[in-house]
Structure formats: C-alpha cells, structure tokens
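Just upload_13.tsv here, TSV, C-alpha atoms:
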chain	number	residue	atom	x	y	z
J	2	MET	CA	20.75	-69.52	51.50
J	3	LEU	CA	22.21	-66.66	49.50
J	4	LYS	CA	25.00	-64.38	50.73
J	5	ILE	CA	26.71	-61.52	48.91
J	6	GLU	CA	29.92	-60.08	50.31
J	7	MET	CA	31.45	-56.86	48.99
J	8	LEU	CA	35.15	-57.37	49.66
J	9	PRO	CA	37.36	-54.29	50.23
J	10	ALA	CA	38.14	-53.32	46.64
J	11	ARG	CA	38.87	-49.61	47.11
J	12	HIS	CA	37.28	-47.84	44.13
J	13	GLY	CA	36.57	-51.15	42.37
J	14	ASP	CA	34.40	-54.25	42.63
J	15	CYS	CA	34.95	-57.67	44.16
J	16	LEU	CA	31.80	-59.61	45.03
J	17	TRP	CA	31.96	-63.00	46.78
J	18	ILE	CA	28.65	-64.87	46.45
J	19	GLU	CA	27.60	-68.05	48.25
J	20	TYR	CA	24.38	-70.00	47.73
J	21	GLY	CA	23.08	-73.45	48.54
J	22	THR	CA	21.24	-75.55	51.10
J	23	GLY	CA	22.45	-77.49	54.10
J	24	LYS	CA	26.13	-78.39	53.90
J	25	LYS	CA	26.34	-78.00	50.11
J	26	ILE	CA	27.55	-74.47	49.43
J	27	TYR	CA	28.33	-73.10	45.96
J	28	ARG	CA	30.40	-70.01	45.21
J	29	MET	CA	30.62	-67.36	42.52
J	30	LEU	CA	33.08	-64.44	42.22
J	31	ILE	CA	32.41	-61.22	40.29
J	32	ASP	CA	35.56	-59.20	39.53
J	33	ALA	CA	38.57	-58.97	41.83
J	34	GLY	CA	39.15	-55.23	42.18
J	35	PRO	CA	42.48	-53.46	41.64
J	36	ALA	CA	45.73	-55.27	42.43
J	37	SER	CA	45.54	-54.25	46.10
J	38	THR	CA	42.31	-56.25	46.54
J	39	TYR	CA	44.10	-59.53	45.92
J	40	PRO	CA	45.28	-60.08	49.55
J	41	HIS	CA	41.66	-59.83	50.76
J	42	VAL	CA	40.48	-62.36	48.18
J	43	LYS	CA	43.39	-64.63	48.99
J	44	GLN	CA	42.60	-64.48	52.72
J	45	ARG	CA	38.98	-65.49	52.07
J	46	ILE	CA	40.09	-68.39	49.89
J	47	LEU	CA	42.72	-69.65	52.33
J	48	ALA	CA	40.06	-69.72	55.06
J	49	LEU	CA	38.35	-72.51	53.10
J	50	PRO	CA	39.47	-76.16	53.19
J	51	GLU	CA	41.26	-77.05	49.95
J	52	SER	CA	38.37	-79.29	48.93
J	53	LYS	CA	36.02	-76.28	49.06
J	54	ARG	CA	38.15	-73.90	47.00
J	55	ARG	CA	35.99	-73.82	43.93
J	56	PHE	CA	34.07	-71.10	42.11
J	57	GLU	CA	31.31	-72.35	39.87
J	58	LEU	CA	31.76	-69.10	37.97
J	59	PHE	CA	34.30	-66.26	37.96
J	60	VAL	CA	32.98	-63.24	36.05
J	61	ILE	CA	35.45	-60.53	35.01
J	62	THR	CA	32.92	-57.97	33.85
J	63	HIS	CA	35.25	-55.78	31.75
J	64	ILE	CA	38.80	-54.53	31.28
J	65	ASP	CA	39.05	-51.53	33.62
J	66	ALA	CA	41.83	-51.86	36.20
J	67	ASP	CA	39.52	-51.60	39.21
J	68	HIS	CA	37.81	-54.82	38.08
J	69	ILE	CA	40.55	-56.82	36.38
J	70	GLU	CA	43.93	-56.24	38.09
J	71	GLY	CA	43.13	-58.46	41.06
J	72	ALA	CA	41.90	-61.15	38.69
J	73	VAL	CA	45.27	-61.22	36.92
J	74	ARG	CA	46.98	-61.85	40.27
J	75	LEU	CA	44.41	-64.39	41.44
J	76	LEU	CA	44.43	-66.57	38.32
J	77	GLN	CA	48.24	-66.82	38.42
J	78	ASP	CA	48.35	-68.12	42.00
J	79	LYS	CA	48.52	-71.91	41.71
J	80	ARG	CA	49.26	-72.22	45.43
J	81	LEU	CA	45.65	-71.45	46.26
J	82	LYS	CA	44.54	-74.63	44.47
J	83	ILE	CA	41.31	-73.11	43.19
J	84	SER	CA	39.14	-74.78	40.57
J	85	TYR	CA	36.73	-72.92	38.31
J	86	GLY	CA	33.59	-74.19	36.66
J	87	ASP	CA	33.80	-71.38	34.11
J	88	VAL	CA	35.45	-67.99	33.63
J	89	TRP	CA	33.43	-65.30	31.89
J	90	PHE	CA	35.53	-62.65	30.19
J	91	ASN	CA	35.35	-61.06	26.75
J	92	GLY	CA	38.84	-60.97	25.24
J	93	TRP	CA	40.04	-59.39	22.01
J	94	ARG	CA	38.77	-62.25	19.91
J	95	HIS	CA	35.28	-61.75	21.31
J	96	LEU	CA	34.87	-58.14	20.17
J	97	LYS	CA	33.81	-58.87	16.59
J	98	ARG	CA	30.99	-60.93	15.18
J	99	VAL	CA	33.57	-62.85	13.16
J	100	ASN	CA	36.79	-64.47	14.34
J	101	ALA	CA	39.59	-62.08	15.28
J	102	PRO	CA	43.12	-62.41	16.74
J	103	THR	CA	43.38	-63.90	20.20
J	104	LEU	CA	44.63	-61.05	22.37
J	105	GLY	CA	44.43	-57.30	22.93
J	106	GLY	CA	44.25	-54.46	25.58
J	107	PRO	CA	47.12	-54.38	28.18
J	108	LEU	CA	45.44	-55.73	31.33
J	109	ALA	CA	43.14	-57.89	29.22
J	110	GLU	CA	46.23	-59.25	27.39
J	111	TYR	CA	47.71	-60.26	30.74
J	112	LEU	CA	44.47	-61.86	31.85
J	113	THR	CA	43.99	-63.65	28.54
J	114	THR	CA	47.50	-65.06	28.46
J	115	THR	CA	47.01	-66.29	32.04
J	116	ILE	CA	43.73	-68.01	31.15
J	117	LEU	CA	45.41	-69.71	28.21
J	118	LYS	CA	48.54	-70.67	30.15
J	119	GLU	CA	46.55	-72.15	33.06
J	120	LYS	CA	44.15	-73.87	30.62
J	121	LEU	CA	41.13	-72.48	32.47
J	122	PRO	CA	37.57	-72.89	31.19
J	123	TRP	CA	36.79	-69.73	29.24
J	124	ASN	CA	33.25	-68.65	28.30
J	125	ASN	CA	32.22	-72.30	28.23
J	126	ALA	CA	28.61	-71.31	28.80
J	127	PHE	CA	28.82	-69.59	25.41
J	128	ASN	CA	30.77	-72.39	23.71
J	129	GLY	CA	33.95	-70.32	24.04
J	130	GLY	CA	32.38	-67.46	22.12
J	131	THR	CA	31.36	-63.93	22.98
J	132	ILE	CA	29.27	-63.14	26.04
J	133	VAL	CA	26.77	-60.83	24.36
J	134	VAL	CA	23.09	-59.93	24.33
J	135	PRO	CA	21.68	-60.74	20.86
J	136	ASP	CA	19.98	-58.00	18.90
J	137	THR	CA	16.66	-59.83	18.97
J	138	GLY	CA	15.06	-62.84	20.56
J	139	LYS	CA	15.38	-64.35	23.99
J	140	LEU	CA	18.05	-63.15	26.39
J	141	PRO	CA	20.78	-65.77	27.03
J	142	GLU	CA	20.24	-67.85	30.16
J	143	TYR	CA	22.61	-70.16	32.00
J	144	LYS	CA	22.20	-72.40	35.03
J	145	LEU	CA	25.01	-72.95	37.50
J	146	PRO	CA	25.33	-76.08	39.65
J	147	GLY	CA	23.12	-75.76	42.71
J	148	GLY	CA	20.28	-74.06	40.84
J	149	MET	CA	21.54	-70.50	40.31
J	150	LYS	CA	20.05	-69.10	37.11
J	151	LEU	CA	21.76	-66.24	35.27
J	152	THR	CA	20.14	-64.08	32.58
J	153	LEU	CA	22.52	-61.91	30.55
J	154	LEU	CA	21.64	-58.20	30.31
J	155	SER	CA	24.83	-56.60	28.92
J	156	PRO	CA	26.87	-56.06	26.73
J	157	THR	CA	25.51	-55.72	23.19
J	158	TRP	CA	27.46	-56.09	19.93
J	159	THR	CA	27.29	-52.34	19.42
J	160	GLU	CA	29.19	-51.63	22.63
J	161	LEU	CA	31.72	-54.45	22.18
J	162	GLU	CA	32.68	-53.32	18.70
J	163	LYS	CA	33.20	-49.75	19.95
J	164	LEU	CA	35.84	-51.10	22.35
J	165	ARG	CA	38.08	-52.60	19.66
J	166	PRO	CA	39.93	-49.43	18.48
J	167	LYS	CA	40.62	-48.23	22.04
J	168	TRP	CA	41.81	-51.68	23.06
J	169	ASN	CA	44.15	-51.97	20.09
J	170	LYS	CA	45.59	-48.48	20.64
J	171	GLU	CA	46.34	-49.13	24.32
J	172	VAL	CA	47.94	-52.50	23.63
J	173	LEU	CA	50.36	-51.00	21.13
J	174	GLU	CA	51.19	-48.11	23.47
J	175	ALA	CA	52.01	-50.67	26.17
J	176	GLY	CA	54.59	-52.28	23.90
J	177	LEU	CA	52.52	-55.42	23.35
J	178	VAL	CA	51.46	-57.09	20.14
J	179	PRO	CA	47.86	-58.24	19.70
J	180	GLY	CA	47.85	-61.98	19.20
J	181	ASN	CA	51.24	-62.59	20.87
J	182	PRO	CA	50.59	-64.32	24.22
J	183	ARG	CA	54.28	-65.06	24.83
J	184	LYS	CA	55.20	-61.38	24.78
J	185	ALA	CA	52.28	-60.55	27.08
J	186	GLN	CA	53.32	-63.32	29.48
J	187	LYS	CA	56.92	-62.10	29.57
J	188	LYS	CA	55.93	-58.51	30.30
J	189	LEU	CA	53.39	-59.60	32.89
J	190	GLN	CA	56.16	-61.17	34.95
J	191	GLU	CA	57.91	-57.78	35.08
J	192	ILE	CA	54.92	-55.97	36.64
J	193	LYS	CA	55.20	-56.48	40.39
J	194	ARG	CA	51.75	-55.20	41.37
J	195	LEU	CA	50.14	-57.90	39.19
J	196	GLN	CA	52.05	-60.77	40.72
J	197	PRO	CA	50.50	-63.01	43.39
J	198	THR	CA	51.99	-62.96	46.93
J	199	LEU	CA	51.56	-65.29	49.89
J	200	GLY	CA	30.10	-35.25	59.75
J	201	ALA	CA	27.41	-34.81	57.23
J	202	PRO	CA	26.22	-31.66	55.42
J	203	SER	CA	22.55	-30.87	54.91
J	204	LEU	CA	21.25	-32.45	51.71
J	205	ASN	CA	18.25	-31.71	49.54
J	206	ILE	CA	17.75	-35.29	48.39
J	207	THR	CA	14.79	-34.63	46.14
J	208	LYS	CA	16.69	-31.88	44.31
J	209	LEU	CA	19.77	-34.09	43.95
J	210	ALA	CA	17.67	-36.93	42.55
J	211	SER	CA	16.19	-34.66	39.88
J	212	VAL	CA	19.57	-33.49	38.52
J	213	ILE	CA	19.97	-34.52	34.88
J	214	SER	CA	23.28	-36.31	34.28
J	215	LYS	CA	25.04	-37.20	31.07
J	216	SER	CA	24.91	-40.96	30.52
J	217	ASP	CA	28.13	-42.99	30.63
J	218	SER	CA	29.90	-43.28	27.27
J	219	ALA	CA	33.20	-44.93	28.28
J	220	VAL	CA	33.67	-47.77	25.82
J	221	ALA	CA	35.20	-50.11	28.40
J	222	ASN	CA	32.21	-49.67	30.69
J	223	GLY	CA	29.87	-50.30	27.77
J	224	SER	CA	31.48	-53.71	27.29
J	225	SER	CA	30.74	-54.71	30.90
J	226	ILE	CA	29.06	-58.06	31.59
J	227	ALA	CA	25.89	-57.66	33.66
J	228	PHE	CA	23.32	-60.28	34.55
J	229	LEU	CA	20.29	-61.25	36.59
J	230	ALA	CA	21.01	-64.05	39.06
J	231	GLU	CA	18.14	-66.20	40.34
J	232	TYR	CA	18.45	-68.75	43.12
J	233	ASP	CA	15.59	-70.38	45.02
J	234	GLN	CA	13.08	-67.51	45.44
J	235	TYR	CA	15.76	-64.82	45.26
J	236	ARG	CA	16.63	-62.51	42.34
J	237	CYS	CA	19.75	-60.31	42.24
J	238	LEU	CA	21.02	-57.94	39.58
J	239	PHE	CA	24.80	-57.60	39.22
J	240	ALA	CA	25.39	-54.63	36.94
J	241	GLY	CA	29.18	-54.32	36.63
J	242	ASP	CA	29.82	-50.93	35.02
J	243	ALA	CA	27.16	-51.39	32.35
J	244	PHE	CA	25.40	-48.51	30.60
J	245	PRO	CA	21.98	-47.70	32.09
J	246	ASN	CA	20.25	-47.62	28.69
J	247	VAL	CA	21.57	-51.12	27.88
J	248	LEU	CA	20.35	-52.45	31.23
J	249	VAL	CA	16.96	-50.81	30.78
J	250	ALA	CA	16.55	-52.22	27.26
J	251	SER	CA	17.43	-55.75	28.38
J	252	LEU	CA	15.24	-55.62	31.48
J	253	ARG	CA	12.28	-54.46	29.40
J	254	ARG	CA	12.71	-57.56	27.26
J	255	LEU	CA	11.98	-59.64	30.36
J	256	LEU	CA	8.70	-57.89	31.17
J	257	LYS	CA	5.37	-59.40	30.16
J	258	LYS	CA	3.67	-56.01	30.24
J	259	PRO	CA	5.28	-52.56	29.65
J	260	ALA	CA	3.87	-51.29	32.95
J	261	ASP	CA	5.39	-54.14	34.99
J	262	LYS	CA	8.50	-53.83	37.12
J	263	ILE	CA	11.41	-56.23	37.50
J	264	LYS	CA	11.19	-57.67	41.00
J	265	LEU	CA	14.57	-58.03	42.73
J	266	ASP	CA	15.77	-58.89	46.21
J	267	ILE	CA	19.02	-56.98	45.83
J	268	PHE	CA	20.57	-54.69	43.21
J	269	LYS	CA	24.34	-54.24	43.03
J	270	LEU	CA	24.33	-50.88	41.28
J	271	PRO	CA	26.40	-50.16	38.16
J	272	HIS	CA	29.74	-48.32	38.18
J	273	HIS	CA	30.02	-47.97	41.96
J	274	GLY	CA	27.07	-45.60	42.09
J	275	SER	CA	28.11	-43.20	39.32
J	276	ARG	CA	25.56	-40.56	38.36
J	277	ALA	CA	26.23	-41.50	34.72
J	278	ASN	CA	25.12	-45.11	35.25
J	279	VAL	CA	22.37	-44.98	37.89
J	280	SER	CA	19.51	-43.36	36.01
J	281	THR	CA	16.03	-42.59	37.26
J	282	GLU	CA	14.62	-44.75	34.47
J	283	LEU	CA	16.67	-47.72	35.67
J	284	ILE	CA	15.60	-47.38	39.32
J	285	ASP	CA	11.96	-46.85	38.32
J	286	LEU	CA	12.04	-50.06	36.29
J	287	VAL	CA	12.81	-52.30	39.28
J	288	GLN	CA	11.07	-53.13	42.52
J	289	CYS	CA	13.80	-53.82	45.02
J	290	PRO	CA	14.26	-53.30	48.79
J	291	ARG	CA	18.09	-53.39	48.91
J	292	TYR	CA	20.88	-51.67	46.94
J	293	MET	CA	24.65	-52.23	47.10
J	294	PHE	CA	27.34	-49.58	46.53
J	295	SER	CA	30.90	-50.88	46.12
J	296	SER	CA	33.59	-48.17	46.40
J	297	ASN	CA	35.89	-46.42	48.86
J	298	GLY	CA	35.78	-43.23	46.81
J	299	ASP	CA	39.36	-43.36	45.54
J	300	ILE	CA	40.06	-41.54	42.26
J	301	PHE	CA	36.45	-40.96	41.14
J	302	GLU	CA	34.88	-40.18	44.53
J	303	HIS	CA	32.06	-42.69	44.10
J	304	PRO	CA	29.26	-43.06	44.86
J	305	ASP	CA	27.91	-39.81	43.42
J	306	ARG	CA	25.34	-38.05	45.59
J	307	GLU	CA	22.93	-37.80	42.67
J	308	ALA	CA	22.97	-41.57	42.18
J	309	VAL	CA	22.32	-42.30	45.86
J	310	ALA	CA	19.55	-39.72	45.92
J	311	ARG	CA	17.87	-41.31	42.87
J	312	VAL	CA	17.75	-44.63	44.68
J	313	ILE	CA	16.35	-43.07	47.86
J	314	VAL	CA	13.67	-41.07	46.05
J	315	HIS	CA	12.62	-43.57	43.38
J	316	ALA	CA	13.02	-46.96	45.09
J	317	LYS	CA	9.75	-47.95	46.75
J	318	PRO	CA	9.15	-48.68	49.52
J	319	SER	CA	11.87	-47.45	51.90
J	320	PRO	CA	15.17	-48.85	50.48
J	321	LEU	CA	18.10	-50.25	52.45
J	322	LEU	CA	21.50	-49.03	51.19
J	323	TYR	CA	24.67	-51.10	51.73
J	324	PHE	CA	28.16	-49.54	51.57
J	325	ASN	CA	31.30	-51.70	51.83
J	326	TYR	CA	33.27	-48.74	53.26
J	327	LYS	CA	32.33	-45.72	55.35
J	328	THR	CA	34.06	-42.77	53.72
J	329	ASP	CA	33.85	-39.03	53.24
J	330	PHE	CA	31.94	-39.77	50.05
J	331	ASN	CA	29.11	-41.74	51.62
J	332	LYS	CA	29.00	-40.94	55.34
J	333	MET	CA	26.54	-38.09	54.71
J	334	TRP	CA	23.86	-40.72	54.16
J	335	ASP	CA	23.99	-41.78	57.82
J	336	ARG	CA	20.42	-41.57	59.10
J	337	GLY	CA	21.54	-39.48	62.07
J	338	SER	CA	21.46	-36.29	60.00
J	339	ILE	CA	18.63	-36.93	57.52
J	340	SER	CA	14.97	-37.40	58.38
J	341	LYS	CA	13.23	-37.53	54.97
J	342	PRO	CA	12.64	-39.31	52.69
J	343	SER	CA	12.55	-42.70	54.37
J	344	TYR	CA	15.45	-45.12	53.88
J	345	LYS	CA	17.94	-47.21	55.87
J	346	VAL	CA	21.71	-47.54	55.57
J	347	GLU	CA	24.28	-50.12	56.61
J	348	TYR	CA	28.05	-49.58	56.83
J	349	PRO	CA	30.81	-51.96	57.98
J	350	GLU	CA	31.48	-52.12	61.70
J	351	LYS	CA	33.96	-49.55	62.98
J	352	GLY	CA	37.48	-50.51	61.92
J	353	GLN	CA	36.20	-53.00	59.35
J	354	GLU	CA	36.22	-52.94	55.56
J	355	GLY	CA	33.89	-54.92	53.30
J	356	LEU	CA	30.33	-55.94	54.02
J	357	LEU	CA	28.51	-59.27	54.03
J	358	VAL	CA	24.85	-59.25	53.03
J	359	GLU	CA	22.69	-62.31	53.58
J	360	VAL	CA	19.71	-62.32	51.26
J	361	LYS	CA	16.73	-63.77	53.10

For this file, produce the structure as structure tokens.
Amino acid sequence: MLKIEMLPARHGDCLWIEYGTGKKIYRMLIDAGPASTYPHVKQRILALPESKRRFELFVITHIDADHIEGAVRLLQDKRLKISYGDVWFNGWRHLKRVNAPTLGGPLAEYLTTTILKEKLPWNNAFNGGTIVVPDTGKLPEYKLPGGMKLTLLSPTWTELEKLRPKWNKEVLEAGLVPGNPRKAQKKLQEIKRLQPTLGAPSLNITKLASVISKSDSAVANGSSIAFLAEYDQYRCLFAGDAFPNVLVASLRRLLKKPADKIKLDIFKLPHHGSRANVSTELIDLVQCPRYMFSSNGDIFEHPDREAVARVIVHAKPSPLLYFNYKTDFNKMWDRGSISKPSYKVEYPEKGQEGLLVEVK
C-alpha cells in the first residue's frame, strides 16, 4: 500500500505519505506549507492514536516560506506528541564543504533553533552532514523502516554554495545573528504566525507545450532536496522546487543506457508546476502515468499553463493529472472543454481542499 496526500498548502507543498502492509503503516511528511497549512497538518495528526503519531522521515526540502513556515509551527508543538525517525533539512552549517557556523537565513534560523531545542534527529541518514548529491559516483541511497528506498537527486554542492550569500544577507536584515540560536529562539516567540495553536478558455496545448521558458535560477529553489522513493513495486519522484537541469542530470546517472527512461508510478512535479522547473527534457526522461500539482495559485499563479501542457503533450501514454485545489489557474484543464490531446484530470470533491492519491 502506498498513499500520497496533497494537503491544502495554498501556494506551497505539504505531502503526507503512507506505506506499508496489513496493519503496519509507516508515514513520511514532505514540507509543511506556509504557516496557514499547520492547522490541516495538525488535524491529520490528531486523527491518529498517540501511539501512531510518528513520521519515519520529515523532509523540509528548502528554505522558502511556502515549504518551511508550517514546519516551524509543527516542530514546536509538543502537545501533538509526534516522534520522528529523522528530519532532513540543510541548515547554514550544511552549505559549505567544510564546517561553518550553525545557523543562518531567517525562517531557516527559526527551524534550526527549534530542531536543536527539541533535540530532534537531524540529517541522521547523512551522519548529521549535508544532504547533497556528490559530484561523481553513486547517488546517495537510504532505506526507511518498512522498505521505502530513497535515492537523492538534488541538491548539488554548486547550488548549495550559491545560497550562502543570500541566506547571510537575509538573516542580518531580519535582525538575527548567524550562529546565535538563543536570539533566533527569542525572536521566533514574537512571531505569532509561526506559533503552534490547538469556465475554461480555448487552449492550444501543443503550442503552449512548445514555448521556450527560462530555467529557474532562484538560489533557494536550487538548494531544494528532491529524491526518488521506492516502495514494493512502486516508484515516486518528489521534486520539491529543484532545478530541472539538476534533476535531469541525476536521473541520467540512474540509467543503464542513454536511451532508457526512468519508470515512475507518480511524479510530484517541481515548484508547483512552474514553467521554469517543468522542462520538456525532464518530462521526456521519465515514463509515468500520473503527475501531481500542489498549489492554489496564490502569489505566483501556479501551475503555469506551459508546464501543464508539457506534461500533457510529452507524457506517454495518456497522463492523469492531480490537483489539490480547483482554482482559476487550473480549472481550464477540465476535460469538459478540451478534446485533444488525450489526458485525464482529478480535482478535489466540490467544497473540499487537498487530494489523496492511492498508488496501486
């Protein structure tokens, strides 16, 4: 059994994953959206018996607010009585190939000081070090309890080191001091939003898919953790906000022959379906029947039409698209108004937010 639920995370990501057999169910969480996502995560956790409130892995892919704010709230909430097998997150000290100060970057400072205060396992799969794809050799692999295998695809050292100057600049502008967890903890308590609390137009899809887009260059997105998850006979790619060229390079390292494709059962697309992250080359490299878009369109109006069109045109055979909201930015893909090319779409039920996908 493998289930992937896109919780309502507005313009961000929050993926609740369950896998296992019989009565033994294991859980993994990827990101926790902006601060407003926290009540939805909390509700899902409280629905579990206390003895079941465990994540074998909590991955905070990178430091953008739409991925990390909810995590800051969640990790502070002791009342939920959650245990974690490991927390994956690259902090300030992980951005250089040699040891560096402990903290940095405003939201990341708050998350880091919380991890330290709560004495949570931190990058244990990497011996406390950086979660990074090496320049050469085999891609890092890690097995979770229950048989879930993860293969790291992003980030690289190049992208992590680019993040350091931006991170340092933002931390100083926020009135924090890199390497001072007490100051970060004090300021965190003053930020209320981070505290825990109990009709479609006609589309030329082929033309849209052929539009050339500038690739993502945001340094925070480049630092995003992305990985291939394998459980039983299923393979899923969770791409965070990773750069398409980084994903393509890592995926090619897994191929036995250059002409082969990476076979997947489901692909959670990078950066909420941004045209800058969903490239034709990336979609052509995989063979996958199902694709997940996580966004309500706030702020950046994701997913971009070009990105959705690239999936429809280049994913073979007819792909199934999952959206965790039905919004003005994705409702045009409803099959009622489009006849070709062939694809299927699934939205939440009317009045609902979030979408559960059972991989089978």

- Item | Pick from J:Ala243, J:Ile26, J:Leu270, J:Leu81 nearest to Arg45 in chain J, counting only C-alpha atoms | J:Leu81

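Here CA of Leu322 in chain J and CA of Gln44 in chain J stand 26.2 Å from one another.
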
- Pick out the residues sitting within 7 Å of Gly274 in chain J, and hand them over as a list of chain:residue names; count only C-alpha atoms, and ignore anything fewer than 5 positions along from it in its own chain.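 So, after excluding close chain neighbours, the residues are J:Val279, J:Phe294, J:His303, J:Pro304, J:Asp305, J:Ala308, J:Val309.
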
- Item | Distance query range 4-12 of chain J at most 9 Å, only C-alpha atoms, self and fewer than 2 positions along chain excluded, as number ranges by chain | J: 2, 14-20, 33-39, 41-42, 67-68, 273, 293-303, 324-326, 354-361

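Taking only C-alpha atoms into account, those protein, DNA and RNA residues with any atom at most 6 Å away from (9.9, -51.2, 31.0) amount to Arg253, Pro259 and Leu286 of chain J.
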
- Go ahead and compute the interatomic distance for CA of Leu76 in chain J and CA of Lys187 in chain J, in Å to one decimal. 15.9 Å

- Query: Of the candidates J:Gly129, J:Lys208, J:Ile263, J:Leu49, which shows the shortest atom-to-atom distance to Ile284 in chain J, using only C-alpha atoms?
  - Reply: J:Ile263

With 8 Å on each side, where is the centre of the axis-aligned box around all listed atoms of range 221-224 of chain J, and how long are its edges in Å to one decimal, as lines of an AutoDock Vina configuration file?
center_x = 32.5
center_y = -51.7
center_z = 29.0
size_x = 21.3
size_y = 20.0
size_z = 19.4

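Of the listed residues J:Met333, J:Ala316, J:Leu154, J:Val212, the one whose atoms come nearest to Thr62 in chain J is J:Leu154, with distances taken using only C-alpha atoms.
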
- Item | Shell of 8 Å around Ile313 in chain J, all atoms listed in the file, local chain residues under 3 positions omitted, as a ChimeraX atom specification | /J:206,309-310,316,319-320,342-344

- Interatomic distance, CA of Ile132 in chain J to CA of Asn91 in chain J (Å, one decimal): 6.5 Å

- Message: Which residues are close to range 213-223 of chain J, i.e. within 10 Å by all atoms listed in the file, leaving aside same-chain residues fewer than 3 positions away? Reply as a PyMOL selection string.
- Response: chain J and resi 62-65+155-157+159-168+209-210+226+241-247+271-272+275-281+307-308

Would you list the contacts of Leu58 in chain J as a compact mmCIF listing (two decimals) with C-alpha atoms, keeping the file's coordinate frame, taking every protein, DNA or RNA residue within 8 Å and counting all atoms listed in the file, but skipping same-chain residues closer than 4 positions in sequence?
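What landed in out_24.txt:
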# COMPACT_ATOMS: atom_id res chain seq x y z
CA ARG J 28 30.40 -70.01 45.21
CA MET J 29 30.62 -67.36 42.52
CA LEU J 30 33.08 -64.44 42.22
CA TYR J 85 36.73 -72.92 38.31
CA GLY J 86 33.59 -74.19 36.66
CA ASP J 87 33.80 -71.38 34.11
CA VAL J 88 35.45 -67.99 33.63
CA TRP J 89 33.43 -65.30 31.89
CA LEU J 145 25.01 -72.95 37.50

- Message: Within 12 Å of (22.0, -68.7, 29.7) (file coordinates; only C-alpha atoms), which protein or nucleic acid residues are there? I'd like them as a list in words.
- Response: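 The requested residues, written out, are Asn124, Asn125, Ala126, Phe127, Asn128, Ile132, Val133, Val134, Pro135, Lys139, Leu140, Pro141, Glu142, Tyr143, Lys144, Leu145, Met149, Lys150, Leu151, Thr152, Leu153, Leu154, Phe228, Leu229, Ala230 and Glu231 of chain J.
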
Can I get the selection written as a CSV table (one decimal), in the frame of the given file, with C-alpha atoms?
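Below you can see out16.csv, which holds the result:
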chain,number,residue,atom,x,y,z
J,124,ASN,CA,33.2,-68.6,28.3
J,125,ASN,CA,32.2,-72.3,28.2
J,126,ALA,CA,28.6,-71.3,28.8
J,127,PHE,CA,28.8,-69.6,25.4
J,128,ASN,CA,30.8,-72.4,23.7
J,132,ILE,CA,29.3,-63.1,26.0
J,133,VAL,CA,26.8,-60.8,24.4
J,134,VAL,CA,23.1,-59.9,24.3
J,135,PRO,CA,21.7,-60.7,20.9
J,139,LYS,CA,15.4,-64.4,24.0
J,140,LEU,CA,18.0,-63.2,26.4
J,141,PRO,CA,20.8,-65.8,27.0
J,142,GLU,CA,20.2,-67.8,30.2
J,143,TYR,CA,22.6,-70.2,32.0
J,144,LYS,CA,22.2,-72.4,35.0
J,145,LEU,CA,25.0,-73.0,37.5
J,149,MET,CA,21.5,-70.5,40.3
J,150,LYS,CA,20.0,-69.1,37.1
J,151,LEU,CA,21.8,-66.2,35.3
J,152,THR,CA,20.1,-64.1,32.6
J,153,LEU,CA,22.5,-61.9,30.6
J,154,LEU,CA,21.6,-58.2,30.3
J,228,PHE,CA,23.3,-60.3,34.6
J,229,LEU,CA,20.3,-61.2,36.6
J,230,ALA,CA,21.0,-64.0,39.1
J,231,GLU,CA,18.1,-66.2,40.3

- If you count only C-alpha atoms, the residue of J:Lys351, J:Arg194, J:Arg291, J:Lys269 closest to Arg74 in chain J turns out to be J:Arg194

- Check the smallest atom-to-atom distance from each of J:Ala240, J:Ile192, J:Ile116, J:Leu75 to Gly92 in chain J using only C-alpha atoms, then report the winner.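 Ranking J:Ala240, J:Ile192, J:Ile116, J:Leu75 by distance to Gly92 in chain J, first place goes to J:Ile116.
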